>>> print(open('input35.txt').read())   # compact mmCIF, C-alpha atoms
# COMPACT_ATOMS: atom_id res chain seq x y z
CA MET C 1139 19.24 -17.37 26.54
CA GLU C 1140 18.61 -16.77 22.87
CA ARG C 1141 15.48 -14.91 21.96
CA VAL C 1142 13.62 -14.45 18.68
CA PRO C 1143 12.96 -10.74 18.07
CA VAL C 1144 9.45 -9.54 17.24
CA LEU C 1145 9.46 -6.69 14.69
CA LYS C 1146 6.51 -4.32 14.30
CA ILE C 1147 5.74 -3.13 10.77
CA GLY C 1148 2.57 -1.10 10.58
CA ASP C 1149 -0.32 -3.27 11.78
CA ILE C 1150 1.74 -6.45 11.60
CA LEU C 1151 4.19 -8.21 13.88
CA LEU C 1152 6.93 -10.04 12.00
CA VAL C 1153 8.94 -12.92 13.43
CA SER C 1154 11.79 -14.55 11.55
CA ILE C 1155 12.72 -17.86 13.15
CA GLN C 1156 16.38 -18.70 12.58
CA ILE C 1157 17.46 -20.51 15.72
CA ASP C 1158 16.54 -23.96 16.97
CA MET C 1159 13.15 -23.91 18.64
CA GLU C 1160 14.01 -25.43 21.98
CA ASP C 1161 11.41 -25.49 24.74
CA GLN C 1162 12.52 -22.28 26.42
CA VAL C 1163 12.90 -20.35 23.16
CA ALA C 1164 9.44 -21.44 21.99
CA LEU C 1165 7.79 -20.52 25.30
CA GLN C 1166 9.56 -17.16 25.37
CA LEU C 1167 8.46 -16.43 21.80
CA GLN C 1168 4.83 -17.26 22.62
CA GLU C 1169 4.98 -14.94 25.61
CA ASP C 1170 6.75 -12.12 23.75
CA LEU C 1171 4.29 -12.31 20.87
CA ALA C 1172 1.23 -12.27 23.12
CA ASP C 1173 2.67 -9.30 25.05
CA ARG C 1174 3.43 -7.39 21.85
CA ILE C 1175 -0.03 -8.07 20.37
CA VAL C 1176 -1.64 -6.64 23.49
CA ALA C 1177 0.80 -3.72 23.72
CA THR C 1178 0.56 -2.68 20.06
CA GLY C 1179 -2.97 -3.74 19.14
CA CYS C 1180 -1.64 -5.33 15.94
CA HIS C 1181 -4.08 -7.53 14.04
CA GLY C 1182 -1.63 -9.66 12.10
CA VAL C 1183 1.32 -11.93 12.87
CA ILE C 1184 3.69 -13.20 10.19
CA ILE C 1185 6.11 -15.97 11.05
CA ASP C 1186 8.90 -16.52 8.53
CA ILE C 1187 10.41 -20.01 8.62
CA SER C 1188 12.53 -19.75 5.46
CA ALA C 1189 15.67 -20.33 7.55
CA LEU C 1190 14.41 -23.64 8.96
CA ASP C 1191 15.66 -26.87 7.36
CA ILE C 1192 13.43 -29.01 9.55
CA VAL C 1193 9.98 -28.45 10.99
CA ASP C 1194 9.26 -31.29 13.43
CA SER C 1195 6.14 -31.95 15.45
CA PHE C 1196 7.33 -29.70 18.27
CA VAL C 1197 7.81 -26.72 15.98
CA GLY C 1198 4.48 -27.50 14.33
CA ARG C 1199 2.78 -27.54 17.73
CA THR C 1200 4.50 -24.30 18.72
CA LEU C 1201 3.26 -22.60 15.55
CA ALA C 1202 -0.26 -23.90 16.17
CA THR C 1203 -0.21 -22.61 19.75
CA ILE C 1204 1.02 -19.21 18.64
CA ALA C 1205 -1.76 -19.06 16.04
CA SER C 1206 -4.40 -20.01 18.63
CA VAL C 1207 -3.17 -17.50 21.23
CA SER C 1208 -3.04 -14.77 18.57
CA ARG C 1209 -6.57 -15.59 17.44
CA VAL C 1210 -7.87 -15.19 20.99
CA LEU C 1211 -6.15 -11.80 21.06
CA ASP C 1212 -7.83 -10.81 17.77
CA ALA C 1213 -4.77 -11.25 15.56
CA GLU C 1214 -4.40 -13.57 12.59
CA THR C 1215 -1.28 -15.62 12.02
CA VAL C 1216 0.28 -16.51 8.67
CA VAL C 1217 3.32 -18.77 8.37
CA VAL C 1218 5.48 -17.84 5.37
CA GLY C 1219 8.63 -18.96 3.57
CA MET C 1220 8.32 -22.70 4.03
CA ARG C 1221 10.88 -24.55 1.90
CA PRO C 1222 9.56 -27.15 -0.53
CA ALA C 1223 11.51 -29.93 1.19
CA VAL C 1224 10.02 -28.94 4.54
CA ALA C 1225 6.50 -29.07 3.11
CA ILE C 1226 7.11 -32.53 1.68
CA THR C 1227 8.55 -33.85 4.94
CA LEU C 1228 5.67 -32.36 6.93
CA VAL C 1229 3.06 -34.12 4.85
CA GLU C 1230 5.03 -37.38 4.86
CA LEU C 1231 5.13 -37.18 8.65
CA GLY C 1232 1.38 -36.66 8.71
CA LEU C 1233 1.72 -33.11 10.06
CA SER C 1234 -0.49 -30.83 8.03
CA LEU C 1235 -0.35 -27.82 10.38
CA PRO C 1236 -4.10 -27.64 11.06
CA GLY C 1237 -5.40 -24.17 11.86
CA ILE C 1238 -2.35 -22.46 10.39
CA ARG C 1239 -2.58 -20.32 7.27
CA THR C 1240 0.44 -20.22 5.01
CA ALA C 1241 1.75 -17.97 2.23
CA LEU C 1242 4.79 -18.23 0.00
CA ASN C 1243 6.61 -15.15 1.23
CA VAL C 1244 6.28 -12.16 3.54
CA GLU C 1245 4.71 -9.92 0.91
CA LEU C 1246 1.99 -12.44 0.05
CA GLY C 1247 1.44 -12.96 3.78
CA ILE C 1248 0.93 -9.22 4.30
CA GLU C 1249 -1.48 -9.20 1.36
CA MET C 1250 -3.41 -12.17 2.81
CA LEU C 1251 -3.73 -10.41 6.17
CA ALA C 1252 -4.81 -7.13 4.55
CA LEU C 1253 -7.44 -8.90 2.46
CA SER C 1254 -8.98 -10.82 5.35
CA ARG C 1255 -8.93 -7.63 7.43
CA ALA C 1256 -10.61 -5.66 4.62
CA HIS C 1257 -13.21 -8.42 4.41
CA LEU C 1258 -13.85 -8.08 8.15
CA ASP C 1259 -14.15 -4.30 7.85
CA VAL C 1260 -16.74 -4.66 5.11
CA GLU C 1261 -18.73 -7.05 7.26
CA PHE C 1262 -18.65 -4.63 10.17
CA ASP C 1263 -19.62 -1.71 7.93
CA ASP C 1264 -22.64 -3.62 6.68
CA ASP C 1265 -23.71 -4.43 10.19
CA GLU C 1266 -23.37 -0.80 11.21
CA ASP C 1267 -25.49 0.41 8.32
CA GLU C 1268 -28.21 -2.04 9.13
CA ALA C 1269 -28.15 -1.37 12.83
CA ASP C 1270 -27.99 2.42 12.59
CA PRO C 1271 -31.52 3.80 13.00
CA ALA C 1272 -30.44 7.29 11.87
CA ALA C 1273 -29.58 5.87 8.45
CA VAL C 1274 -33.09 4.57 8.04
CA LEU C 1275 -34.72 7.83 9.16
CA ALA C 1276 -32.55 10.11 7.02
CA PRO C 1277 -34.28 11.44 3.89
CA MET Y 213 25.65 -23.90 7.24
CA GLU Y 214 23.38 -21.40 8.88
CA ARG Y 215 22.11 -18.61 6.73
CA VAL Y 216 20.42 -15.31 7.51
CA PRO Y 217 17.22 -14.97 5.45
CA VAL Y 218 16.59 -11.81 3.43
CA LEU Y 219 12.91 -10.79 3.43
CA LYS Y 220 11.44 -8.51 0.78
CA ILE Y 221 8.73 -6.08 1.92
CA GLY Y 222 7.69 -3.69 -0.81
CA ASP Y 223 10.75 -1.70 -1.89
CA ILE Y 224 12.79 -2.81 1.11
CA LEU Y 225 14.89 -5.83 1.98
CA LEU Y 226 14.77 -6.75 5.66
CA VAL Y 227 17.41 -8.76 7.45
CA SER Y 228 17.10 -9.79 11.08
CA ILE Y 229 20.43 -10.97 12.44
CA GLN Y 230 20.00 -13.50 15.24
CA ILE Y 231 22.89 -15.90 14.86
CA ASP Y 232 26.57 -15.36 15.53
CA MET Y 233 28.20 -13.54 12.63
CA GLU Y 234 31.03 -15.92 11.84
CA ASP Y 235 33.15 -15.35 8.72
CA GLN Y 236 31.16 -17.65 6.46
CA VAL Y 237 27.77 -16.41 7.63
CA ALA Y 238 28.80 -12.79 7.12
CA LEU Y 239 30.21 -13.43 3.64
CA GLN Y 240 27.11 -15.40 2.66
CA LEU Y 241 24.86 -12.60 3.90
CA GLN Y 242 26.80 -9.99 1.90
CA GLU Y 243 26.47 -12.11 -1.21
CA ASP Y 244 22.78 -12.93 -0.67
CA LEU Y 245 21.94 -9.26 -0.07
CA ALA Y 246 23.80 -8.05 -3.15
CA ASP Y 247 22.09 -10.73 -5.26
CA ARG Y 248 18.65 -9.83 -3.91
CA ILE Y 249 19.21 -6.08 -4.44
CA VAL Y 250 20.07 -6.73 -8.08
CA ALA Y 251 17.26 -9.28 -8.57
CA THR Y 252 14.52 -7.17 -6.97
CA GLY Y 253 15.68 -3.62 -7.68
CA CYS Y 254 14.97 -2.69 -4.08
CA HIS Y 255 16.29 0.69 -2.94
CA GLY Y 256 16.43 0.10 0.79
CA VAL Y 257 18.03 -2.39 3.16
CA ILE Y 258 17.09 -2.62 6.84
CA ILE Y 259 19.25 -4.68 9.16
CA ASP Y 260 17.73 -5.45 12.54
CA ILE Y 261 20.27 -6.22 15.26
CA SER Y 262 17.89 -6.22 18.23
CA ALA Y 263 18.77 -9.86 18.91
CA LEU Y 264 22.50 -9.15 19.23
CA ASP Y 265 23.97 -8.80 22.72
CA ILE Y 266 27.37 -7.91 21.38
CA VAL Y 267 28.51 -5.99 18.30
CA ASP Y 268 32.26 -6.38 17.98
CA SER Y 269 34.60 -4.88 15.41
CA PHE Y 270 34.02 -7.77 12.99
CA VAL Y 271 30.25 -7.30 13.01
CA GLY Y 272 30.77 -3.53 12.72
CA ARG Y 273 33.01 -4.05 9.69
CA THR Y 274 30.50 -6.48 8.15
CA LEU Y 275 27.70 -3.93 8.53
CA ALA Y 276 29.89 -1.23 6.99
CA THR Y 277 30.76 -3.48 4.03
CA ILE Y 278 27.10 -4.33 3.47
CA ALA Y 279 26.23 -0.63 3.53
CA SER Y 280 28.98 0.19 1.02
CA VAL Y 281 28.05 -2.63 -1.37
CA SER Y 282 24.38 -1.64 -1.17
CA ARG Y 283 25.24 2.00 -1.87
CA VAL Y 284 27.12 1.00 -5.03
CA LEU Y 285 24.00 -0.94 -6.07
CA ASP Y 286 21.81 2.15 -5.45
CA ALA Y 287 20.29 0.94 -2.19
CA GLU Y 288 20.50 2.65 1.19
CA THR Y 289 21.16 0.74 4.39
CA VAL Y 290 19.74 1.48 7.83
CA VAL Y 291 20.72 -0.50 10.91
CA VAL Y 292 17.87 -0.69 13.45
CA GLY Y 293 17.10 -2.09 16.89
CA MET Y 294 20.47 -1.56 18.54
CA ARG Y 295 20.24 -2.19 22.28
CA PRO Y 296 21.34 0.63 24.59
CA ALA Y 297 24.08 -1.53 26.12
CA VAL Y 298 25.43 -2.33 22.64
CA ALA Y 299 25.55 1.36 21.76
CA ILE Y 300 27.45 2.17 24.95
CA THR Y 301 29.96 -0.65 24.41
CA LEU Y 302 30.47 0.36 20.77
CA VAL Y 303 31.36 3.91 21.69
CA GLU Y 304 33.58 2.77 24.57
CA LEU Y 305 35.44 0.52 22.13
CA GLY Y 306 35.89 3.48 19.80
CA LEU Y 307 33.67 1.93 17.12
CA SER Y 308 31.20 4.53 15.92
CA LEU Y 309 30.00 2.66 12.82
CA PRO Y 310 31.06 5.31 10.28
CA GLY Y 311 28.96 5.42 7.11
CA ILE Y 312 26.09 3.51 8.69
CA ARG Y 313 22.72 5.16 9.33
CA THR Y 314 20.75 3.95 12.32
CA ALA Y 315 17.15 4.12 13.48
CA LEU Y 316 15.46 2.94 16.69
CA ASN Y 317 13.22 0.32 15.13
CA VAL Y 318 12.10 -1.15 11.81
CA GLU Y 319 9.21 1.29 11.38
CA LEU Y 320 11.42 4.36 11.87
CA GLY Y 321 13.96 2.78 9.52
CA ILE Y 322 11.32 2.37 6.81
CA GLU Y 323 10.28 6.00 7.37
CA MET Y 324 13.89 7.16 7.08
CA LEU Y 325 14.35 5.28 3.80
CA ALA Y 326 11.06 6.61 2.40
CA LEU Y 327 11.99 10.18 3.30
CA SER Y 328 15.44 10.08 1.76
CA ARG Y 329 13.96 8.44 -1.34
CA ALA Y 330 11.26 11.12 -1.61
CA HIS Y 331 14.00 13.72 -1.27
CA LEU Y 332 15.91 12.09 -4.13
CA ASP Y 333 12.78 12.01 -6.29
CA VAL Y 334 12.24 15.72 -5.74
CA GLU Y 335 15.82 16.46 -6.72
CA PHE Y 336 15.47 14.46 -9.91
CA ASP Y 337 12.18 16.17 -10.72
CA ASP Y 338 13.80 19.58 -10.33
CA ASP Y 339 16.65 18.62 -12.61
CA GLU Y 340 14.26 17.39 -15.24
CA ASP Y 341 12.28 20.62 -15.20
CA GLU Y 342 15.39 22.69 -15.61
CA ALA Y 343 16.84 20.53 -18.36
CA ASP Y 344 13.63 20.17 -20.36
CA PRO Y 345 13.67 22.70 -23.22
CA ALA Y 346 9.97 22.10 -23.96
CA ALA Y 347 9.10 23.49 -20.57
CA VAL Y 348 10.84 26.78 -21.40
CA LEU Y 349 9.22 27.07 -24.83
CA ALA Y 350 5.70 26.27 -23.67
CA PRO Y 351 3.38 29.30 -23.39
>>> encode(input="input35.txt", output="structure tokens")
Amino acid sequence: MERVPVLKIGDILLVSIQIDMEDQVALQLQEDLADRIVATGCHGVIIDISALDIVDSFVGRTLATIASVSRVLDAETVVVGMRPAVAITLVELGLSLPGIRTALNVELGIEMLALSRAHLDVEFDDDEDEADPAAVLAP
Amino acid sequence: MERVPVLKIGDILLVSIQIDMEDQVALQLQEDLADRIVATGCHGVIIDISALDIVDSFVGRTLATIASVSRVLDAETVVVGMRPAVAITLVELGLSLPGIRTALNVELGIEMLALSRAHLDVEFDDDEDEADPAAVLAP
């Protein structure tokens, strides 16, 4: 059976979908990705679909499921590289990929993930400062 | 026709080969990569073959050609993600992929490219120092 490889780059898992997303391939990819997120502790998933001519409702659902599973495992998903024609067809079909963030290419996707992560870090830092009694007591 | 996407990540072009490397696909990939190297000025190419069950002499030759073309365009190529069984079969077939550098995974490939680039930079810096007459005349 064909299998979509999951590549680890720093804190990000990168998936480039090039083969037809049949049922088994999609399920295997979901499983592989979830396993890798847990094994590596990565906080970001980038799915490149620049090789896909068609994104039908099944692929859309698969992407949404992957995004949801990743979110539960504390990783954000960004779909990148969508072709203009694919975007037009998606909207015409009434599929707007709810719950999925998109970026134009891998680099912008990495940037998006880094920014939202930095934003999270800042929030946590603030909380820590407020909650830390030593900080209040220090001269 | 199927096409292997070329992803740009920083100073590196990443290619993940998942489909059968038929003549047309291989030629198209060579062309796409050369075009992208020239367009982006990237100095590194990483080719992930973790999805390939078999690397025959044609794929080996294709990888070698890509590496040679990239070298002429001032970019280094690293092949990553080779499966153990593929490595064993390659050697048994007498194909040792001459002229191709390999690394275990994408991250180690990026590291390898960064190191050899840093090495190059140092060499150039040294040359500059030696050739710069102002440096000799300065007090």
>>> closest_residue(input="input35.txt", among="Y:Pro217, Y:Gly321, Y:Pro296, Y:Gly311", to="Y:Glu243", atoms="only C-alpha atoms")
Y:Pro217
>>> closest_residue(input="input35.txt", among="C:Val1229, C:Val1210, C:Ala1189, C:Met1159", to="chain Y", atoms="only C-alpha atoms")
C:Ala1189
>>> closest_atom_pairs(input="input35.txt", of="chain C", to="chain Y", cutoff="10 Å", atoms="all atoms listed in the file", output="CSV")
residue,atom,partner,partner_atom,distance
C:Glu1140,CA,Y:Ala263,CA,8.0
C:Arg1141,CA,Y:Ala263,CA,6.8
C:Val1142,CA,Y:Ala263,CA,6.9
C:Pro1143,CA,Y:Ala263,CA,5.9
C:Val1144,CA,Y:Ser262,CA,9.1
C:Leu1145,CA,Y:Val318,CA,6.8
C:Lys1146,CA,Y:Glu319,CA,6.9
C:Ile1147,CA,Y:Glu319,CA,5.7
C:Gly1148,CA,Y:Glu319,CA,7.1
C:Val1153,CA,Y:Ser228,CA,9.1
C:Ser1154,CA,Y:Ser228,CA,7.1
C:Ile1155,CA,Y:Gln230,CA,8.7
C:Gln1156,CA,Y:Gln230,CA,6.9
C:Ile1157,CA,Y:Ile231,CA,7.2
C:Asp1186,CA,Y:Leu219,CA,8.7
C:Ile1187,CA,Y:Pro217,CA,9.0
C:Ser1188,CA,Y:Pro217,CA,6.7
C:Ala1189,CA,Y:Pro217,CA,6.0
C:Leu1190,CA,Y:Glu214,CA,9.2
C:Asp1191,CA,Y:Glu214,CA,9.6
C:Gly1219,CA,Y:Leu219,CA,9.2
C:Asn1243,CA,Y:Leu219,CA,8.0
C:Val1244,CA,Y:Ile221,CA,6.8
C:Glu1245,CA,Y:Ile221,CA,5.7
C:Leu1246,CA,Y:Ile221,CA,9.5
C:Ile1248,CA,Y:Ile221,CA,8.7
>>> write_last_selection(input="input35.txt", atoms="C-alpha atoms", output="PDB file, in the coordinates of the input")
ATOM      1  CA  GLU C1140      18.610 -16.770  22.870  1.00  0.00           C
ATOM      2  CA  ARG C1141      15.480 -14.910  21.960  1.00  0.00           C
ATOM      3  CA  VAL C1142      13.620 -14.450  18.680  1.00  0.00           C
ATOM      4  CA  PRO C1143      12.960 -10.740  18.070  1.00  0.00           C
ATOM      5  CA  VAL C1144       9.450  -9.540  17.240  1.00  0.00           C
ATOM      6  CA  LEU C1145       9.460  -6.690  14.690  1.00  0.00           C
ATOM      7  CA  LYS C1146       6.510  -4.320  14.300  1.00  0.00           C
ATOM      8  CA  ILE C1147       5.740  -3.130  10.770  1.00  0.00           C
ATOM      9  CA  GLY C1148       2.570  -1.100  10.580  1.00  0.00           C
ATOM     10  CA  VAL C1153       8.940 -12.920  13.430  1.00  0.00           C
ATOM     11  CA  SER C1154      11.790 -14.550  11.550  1.00  0.00           C
ATOM     12  CA  ILE C1155      12.720 -17.860  13.150  1.00  0.00           C
ATOM     13  CA  GLN C1156      16.380 -18.700  12.580  1.00  0.00           C
ATOM     14  CA  ILE C1157      17.460 -20.510  15.720  1.00  0.00           C
ATOM     15  CA  ASP C1186       8.900 -16.520   8.530  1.00  0.00           C
ATOM     16  CA  ILE C1187      10.410 -20.010   8.620  1.00  0.00           C
ATOM     17  CA  SER C1188      12.530 -19.750   5.460  1.00  0.00           C
ATOM     18  CA  ALA C1189      15.670 -20.330   7.550  1.00  0.00           C
ATOM     19  CA  LEU C1190      14.410 -23.640   8.960  1.00  0.00           C
ATOM     20  CA  ASP C1191      15.660 -26.870   7.360  1.00  0.00           C
ATOM     21  CA  GLY C1219       8.630 -18.960   3.570  1.00  0.00           C
ATOM     22  CA  ASN C1243       6.610 -15.150   1.230  1.00  0.00           C
ATOM     23  CA  VAL C1244       6.280 -12.160   3.540  1.00  0.00           C
ATOM     24  CA  GLU C1245       4.710  -9.920   0.910  1.00  0.00           C
ATOM     25  CA  LEU C1246       1.990 -12.440   0.050  1.00  0.00           C
ATOM     26  CA  ILE C1248       0.930  -9.220   4.300  1.00  0.00           C
TER      27      ILE C1248
END
>>> closest_residue(input="input35.txt", among="Y:Met294, Y:Ile278, Y:Ile312, Y:Leu307", to="Y:Leu239", atoms="all atoms listed in the file")
Y:Ile278
>>> closest_residue(input="input35.txt", among="Y:Val298, Y:Thr274, Y:Ala246, Y:Ile259", to="Y:Ala315", atoms="all atoms listed in the file")
Y:Ile259
>>> closest_residue(input="input35.txt", among="C:Leu1211, C:Leu1152, C:Leu1242, C:Val1197", to="C:Ile1175", atoms="all atoms listed in the file")
C:Leu1211
>>> residues_near_point(input="input35.txt", point="(21.9, -5.4, -3.8)", cutoff="8 Å", atoms="all atoms listed in the file", output="compact mmCIF listing (two decimals) with C-alpha atoms, in the frame of the given file")
# COMPACT_ATOMS: atom_id res chain seq x y z
CA LEU Y 245 21.94 -9.26 -0.07
CA ALA Y 246 23.80 -8.05 -3.15
CA ASP Y 247 22.09 -10.73 -5.26
CA ARG Y 248 18.65 -9.83 -3.91
CA ILE Y 249 19.21 -6.08 -4.44
CA VAL Y 250 20.07 -6.73 -8.08
CA ALA Y 251 17.26 -9.28 -8.57
CA GLY Y 253 15.68 -3.62 -7.68
CA CYS Y 254 14.97 -2.69 -4.08
CA VAL Y 281 28.05 -2.63 -1.37
CA SER Y 282 24.38 -1.64 -1.17
CA LEU Y 285 24.00 -0.94 -6.07
CA ASP Y 286 21.81 2.15 -5.45
CA ALA Y 287 20.29 0.94 -2.19
>>> atom_distance(input="input35.txt", atom1="atom CA of Y:Gln242", atom2="atom CA of Y:Arg283")
12.7 Å
>>> build_atoms(input="input35.txt", residues="stretch 261-292 of chain Y", atoms="N, CA and C atoms", output="JSON list (two decimals), keeping the file's coordinate frame")
[["chain", "number", "residue", "atom", "x", "y", "z"],
["Y", 261, "ILE", "N", 19.29, -5.54, 14.39],
["Y", 261, "ILE", "CA", 20.27, -6.22, 15.26],
["Y", 261, "ILE", "C", 19.77, -6.28, 16.69],
["Y", 262, "SER", "N", 18.44, -6.25, 16.87],
["Y", 262, "SER", "CA", 17.89, -6.22, 18.23],
["Y", 262, "SER", "C", 18.15, -7.53, 18.98],
["Y", 263, "ALA", "N", 18.49, -8.59, 18.25],
["Y", 263, "ALA", "CA", 18.77, -9.86, 18.91],
["Y", 263, "ALA", "C", 20.23, -9.97, 19.35],
["Y", 264, "LEU", "N", 21.06, -9.03, 18.92],
["Y", 264, "LEU", "CA", 22.50, -9.15, 19.23],
["Y", 264, "LEU", "C", 22.84, -8.52, 20.58],
["Y", 265, "ASP", "N", 23.50, -9.31, 21.43],
["Y", 265, "ASP", "CA", 23.97, -8.80, 22.72],
["Y", 265, "ASP", "C", 25.27, -8.04, 22.55],
["Y", 266, "ILE", "N", 26.03, -8.47, 21.56],
["Y", 266, "ILE", "CA", 27.37, -7.91, 21.38],
["Y", 266, "ILE", "C", 27.57, -7.54, 19.91],
["Y", 267, "VAL", "N", 28.09, -6.36, 19.66],
["Y", 267, "VAL", "CA", 28.51, -5.99, 18.30],
["Y", 267, "VAL", "C", 29.99, -5.68, 18.38],
["Y", 268, "ASP", "N", 30.81, -6.60, 17.92],
["Y", 268, "ASP", "CA", 32.26, -6.38, 17.98],
["Y", 268, "ASP", "C", 32.75, -5.74, 16.68],
["Y", 269, "SER", "N", 34.07, -5.60, 16.57],
["Y", 269, "SER", "CA", 34.60, -4.88, 15.41],
["Y", 269, "SER", "C", 34.33, -5.65, 14.12],
["Y", 270, "PHE", "N", 34.29, -6.99, 14.21],
["Y", 270, "PHE", "CA", 34.02, -7.77, 12.99],
["Y", 270, "PHE", "C", 32.60, -7.53, 12.47],
["Y", 271, "VAL", "N", 31.63, -7.56, 13.42],
["Y", 271, "VAL", "CA", 30.25, -7.30, 13.01],
["Y", 271, "VAL", "C", 30.13, -5.87, 12.49],
["Y", 272, "GLY", "N", 30.79, -4.93, 13.17],
["Y", 272, "GLY", "CA", 30.77, -3.53, 12.72],
["Y", 272, "GLY", "C", 31.29, -3.40, 11.30],
["Y", 273, "ARG", "N", 32.42, -4.11, 11.03],
["Y", 273, "ARG", "CA", 33.01, -4.05, 9.69],
["Y", 273, "ARG", "C", 32.07, -4.68, 8.66],
["Y", 274, "THR", "N", 31.44, -5.81, 9.07],
["Y", 274, "THR", "CA", 30.50, -6.48, 8.15],
["Y", 274, "THR", "C", 29.36, -5.53, 7.78],
["Y", 275, "LEU", "N", 28.80, -4.86, 8.79],
["Y", 275, "LEU", "CA", 27.70, -3.93, 8.53],
["Y", 275, "LEU", "C", 28.15, -2.82, 7.59],
["Y", 276, "ALA", "N", 29.37, -2.31, 7.83],
["Y", 276, "ALA", "CA", 29.89, -1.23, 6.99],
["Y", 276, "ALA", "C", 30.06, -1.70, 5.55],
["Y", 277, "THR", "N", 30.57, -2.94, 5.38],
["Y", 277, "THR", "CA", 30.76, -3.48, 4.03],
["Y", 277, "THR", "C", 29.42, -3.63, 3.32],
["Y", 278, "ILE", "N", 28.43, -4.16, 4.06],
["Y", 278, "ILE", "CA", 27.10, -4.33, 3.47],
["Y", 278, "ILE", "C", 26.55, -2.98, 3.02],
["Y", 279, "ALA", "N", 26.73, -1.97, 3.88],
["Y", 279, "ALA", "CA", 26.23, -0.63, 3.53],
["Y", 279, "ALA", "C", 26.92, -0.11, 2.28],
["Y", 280, "SER", "N", 28.23, -0.32, 2.18],
["Y", 280, "SER", "CA", 28.98, 0.19, 1.02],
["Y", 280, "SER", "C", 28.56, -0.52, -0.26],
["Y", 281, "VAL", "N", 28.45, -1.86, -0.18],
["Y", 281, "VAL", "CA", 28.05, -2.63, -1.37],
["Y", 281, "VAL", "C", 26.65, -2.20, -1.81],
["Y", 282, "SER", "N", 25.75, -2.04, -0.84],
["Y", 282, "SER", "CA", 24.38, -1.64, -1.17],
["Y", 282, "SER", "C", 24.38, -0.27, -1.85],
["Y", 283, "ARG", "N", 25.20, 0.65, -1.31],
["Y", 283, "ARG", "CA", 25.24, 2.00, -1.87],
["Y", 283, "ARG", "C", 25.65, 1.95, -3.34],
["Y", 284, "VAL", "N", 26.65, 1.12, -3.65],
["Y", 284, "VAL", "CA", 27.12, 1.00, -5.03],
["Y", 284, "VAL", "C", 25.99, 0.46, -5.91],
["Y", 285, "LEU", "N", 25.12, -0.36, -5.31],
["Y", 285, "LEU", "CA", 24.00, -0.94, -6.07],
["Y", 285, "LEU", "C", 22.74, -0.07, -5.93],
["Y", 286, "ASP", "N", 22.91, 1.19, -5.53],
["Y", 286, "ASP", "CA", 21.81, 2.15, -5.45],
["Y", 286, "ASP", "C", 20.75, 1.77, -4.40],
["Y", 287, "ALA", "N", 21.22, 1.22, -3.29],
["Y", 287, "ALA", "CA", 20.29, 0.94, -2.19],
["Y", 287, "ALA", "C", 20.88, 1.51, -0.90],
["Y", 288, "GLU", "N", 20.03, 2.08, -0.07],
["Y", 288, "GLU", "CA", 20.50, 2.65, 1.19],
["Y", 288, "GLU", "C", 20.33, 1.65, 2.31],
["Y", 289, "THR", "N", 21.24, 1.68, 3.27],
["Y", 289, "THR", "CA", 21.16, 0.74, 4.39],
["Y", 289, "THR", "C", 20.91, 1.48, 5.70],
["Y", 290, "VAL", "N", 19.98, 0.95, 6.49],
["Y", 290, "VAL", "CA", 19.74, 1.48, 7.83],
["Y", 290, "VAL", "C", 19.82, 0.33, 8.81],
["Y", 291, "VAL", "N", 20.62, 0.50, 9.86],
["Y", 291, "VAL", "CA", 20.72, -0.50, 10.91],
["Y", 291, "VAL", "C", 19.76, -0.12, 12.03],
["Y", 292, "VAL", "N", 18.88, -1.03, 12.43],
["Y", 292, "VAL", "CA", 17.87, -0.69, 13.45],
["Y", 292, "VAL", "C", 17.90, -1.67, 14.62]]
